[in-house]
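Down below is the structure, laid out as structure tokens.
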Amino acid sequence: MTATTPGILYIAGYSRCGSTVLDIMLGAADGVASGGELTFLGDELADPTRTCGCGEPYAACPVWGSIELPAPPSEVAAVTRAVEGGVLARRGRSAGPEERARYGRIQRALFAHVARRSDARWVVDSSKTARAARGRPVALSVEAGMDVRVVHLVRDAAATAASYRTTGSNWAAEGRGRTARFPVARAMAGWRRANGVAGALREEWPGRYLELRFEEVVADPRPALTAISELCGHDVTAAADLLDDGRAVDPGHLVGGNRLRRAGPLRLAPPAGPPPLRWDDRAAVALLARPAPGRARASG
Ligand SMILES: [Zn+2]
């Protein structure tokens, strides 16, 4: 089978939603490759201190070491930010036609490379829809012409707040930036925006959108993986068999900043209840993380 133009299983949502766990689980299936936060591939390749999820420097990784993109890594990063940041802008800030065409060539080359190296028909991209990457699923579809199926993964707002209060930002933890002031209030505003952007695709992309709750995925992955199989027409339930047998799932070659990707093979434990929140964090959750517009009909 030649697999030069794979489909994309795009995990949308906010940071800390469990996207890396789901990315790794999906990558256990035949014909599926875990990608991680592919929106950051240019930034990662440009920095020789960064490593792939397999633990190797990117240059030595069996998947990423041989990649040839139509632009140097720093330009890949800049074009990606410009196009993905502008694609949802109503007016003014969107990228020009030449830059958008270059974006399309870069992204098609990126996914075709992963598909060839991993013999995959589907590549998982867990860049989510926060901040700079909020327009990525739309840009991949509209500007790169790819087949994008969105898995909108929602984690409980209070659990997300507790995660930020406990550990700060991933970037700060890796020494790549400082934790901002008011991390929980910022996180709750971001949670609302990112889930609103993702939720809007429910109506815009009927048949290509699926919403899942992180807590339900972890409690019992099989129904979630079955629903994703229906979303893409490809059986992605292999991880449920592995986990049922008490076996671990290999994390593969994920790109991006999540510490979990270097924590070794994945084993699922029941999620611990979030620690009690401070009064001001409870207020931030209540005030800022109200269901975003796209989630209005999420129940049931
Ligand atoms: Zn690797």
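Identifiers in this document derive from the order of the structure tokens: chains are assigned A, B, ..., residues are numbered from 1 separately in each chain, and ligands are numbered from 1 in order of occurrence.
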Non-local contacts of region 132-134 of chain A (8 Å; only C-alpha atoms; under 2 positions in same chain excluded) as a list in words: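 So the residues in contact are Thr39, Arg81, Glu84, Gly85, Ser127, Lys128, Thr129, Ala130, Arg136, Pro137, Ala194 and Val197 of chain A.
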Put those residues in a file: C-alpha atoms, as a PDB file, in the first residue's frame.
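Full text of again33.pdb as output:
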```pdb
ATOM      1  CA  THR A  39       2.340  22.449  14.606  1.00  0.00           C
ATOM      2  CA  ARG A  81       2.468  30.451  12.722  1.00  0.00           C
ATOM      3  CA  GLU A  84      -2.541  29.075  11.278  1.00  0.00           C
ATOM      4  CA  GLY A  85      -2.743  32.321  13.231  1.00  0.00           C
ATOM      5  CA  SER A 127      -1.617  20.186  18.313  1.00  0.00           C
ATOM      6  CA  LYS A 128      -5.044  21.051  19.806  1.00  0.00           C
ATOM      7  CA  THR A 129      -6.750  24.432  19.324  1.00  0.00           C
ATOM      8  CA  ALA A 130      -5.167  26.720  21.904  1.00  0.00           C
ATOM      9  CA  ARG A 136      -4.525  24.549  12.425  1.00  0.00           C
ATOM     10  CA  PRO A 137      -7.312  22.031  11.668  1.00  0.00           C
ATOM     11  CA  ALA A 194      -9.848  26.640  22.715  1.00  0.00           C
ATOM     12  CA  VAL A 197     -12.917  27.089  18.476  1.00  0.00           C
TER      13      VAL A 197
END
```
List all protein, DNA and RNA residues that have at least one atom no more than 7 Å from any atom of ligand 1, counting only C-alpha atoms and all ligand atoms, and write them as a list of chain:residue names.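 Protein and nucleic-acid residues within 7 Å of ligand 1: A:Cys52, A:Gly53, A:Cys54, A:Gly55, A:Glu56, A:Tyr58, A:Cys61, A:Pro62, A:Val63, A:Trp64, A:Gly252, A:His253, A:Leu254.
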As a compact mmCIF listing (two decimals) with C-alpha atoms, in the first residue's frame, please: the residues near Leu45 (chain A) (cut-off 10 Å, only C-alpha atoms, same-chain neighbours under 6 positions excluded).
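Written file, part30.txt:
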```
# COMPACT_ATOMS: atom_id res chain seq x y z
CA THR A 51 14.40 15.40 21.46
CA CYS A 52 11.73 13.24 19.88
CA PRO A 57 17.59 13.91 19.11
CA TYR A 58 15.43 14.56 16.04
CA ALA A 59 18.45 14.15 13.74
CA TRP A 64 12.18 12.50 11.85
CA GLY A 65 15.90 12.17 11.08
CA ILE A 67 12.56 14.33 6.82
CA PRO A 72 14.38 25.20 6.47
CA PRO A 73 12.97 24.56 9.97
CA SER A 74 12.90 28.20 11.08
CA VAL A 76 8.59 26.14 8.49
CA ALA A 77 7.89 27.52 11.97
CA VAL A 255 6.69 15.86 18.62
```
Give the strand (DSSP E) residues of region 75-273 of chain A, as DSSP finds them on the backbone, and put them as a PyMOL selection string. chain A and resi 122-125+148-154+209-213
Selection: 10 Å around region 119-121 of chain A, only C-alpha atoms, excl. self and same-chain fewer than 4 positions, as JSON, numbers by chain: {"A": [1, 2, 3, 4, 5, 6, 7, 8, 27, 29, 30, 31, 32, 33, 34, 111, 112, 113, 114, 115, 234]}
Per DSSP on the backbone, filter region 38-268 of chain A down to the residues in alpha helix (DSSP H) and report them as JSON, numbers by chain. {"A": [41, 42, 43, 44, 45, 46, 73, 74, 75, 76, 77, 78, 79, 80, 81, 82, 83, 84, 85, 86, 97, 98, 99, 100, 101, 102, 103, 104, 105, 106, 107, 108, 109, 110, 111, 112, 113, 114, 115, 116, 117, 118, 136, 137, 138, 139, 140, 141, 142, 157, 158, 159, 160, 161, 162, 163, 164, 165, 166, 167, 170, 171, 172, 173, 183, 184, 185, 186, 187, 188, 189, 190, 191, 192, 193, 194, 195, 196, 197, 198, 199, 201, 202, 203, 204, 214, 215, 216, 217, 218, 219, 221, 222, 223, 224, 225, 226, 227, 228, 229, 230, 231, 232, 238, 239, 240, 241, 242, 243, 244]}
Measuring atom to atom with only C-alpha atoms, identify which of A:Ala89, A:Glu44, A:Ala289, A:Met25 is nearest to Ala224 (chain A).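 Ranking A:Ala89, A:Glu44, A:Ala289, A:Met25 by distance to Ala224 (chain A), first place goes to A:Met25.
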So, counting only C-alpha atoms, which residue among A:Leu41, A:Leu140, A:Val87, A:Met188 is closest to Ser15 (chain A)?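 Answer, going by the shortest atom-to-atom distance: A:Met188.
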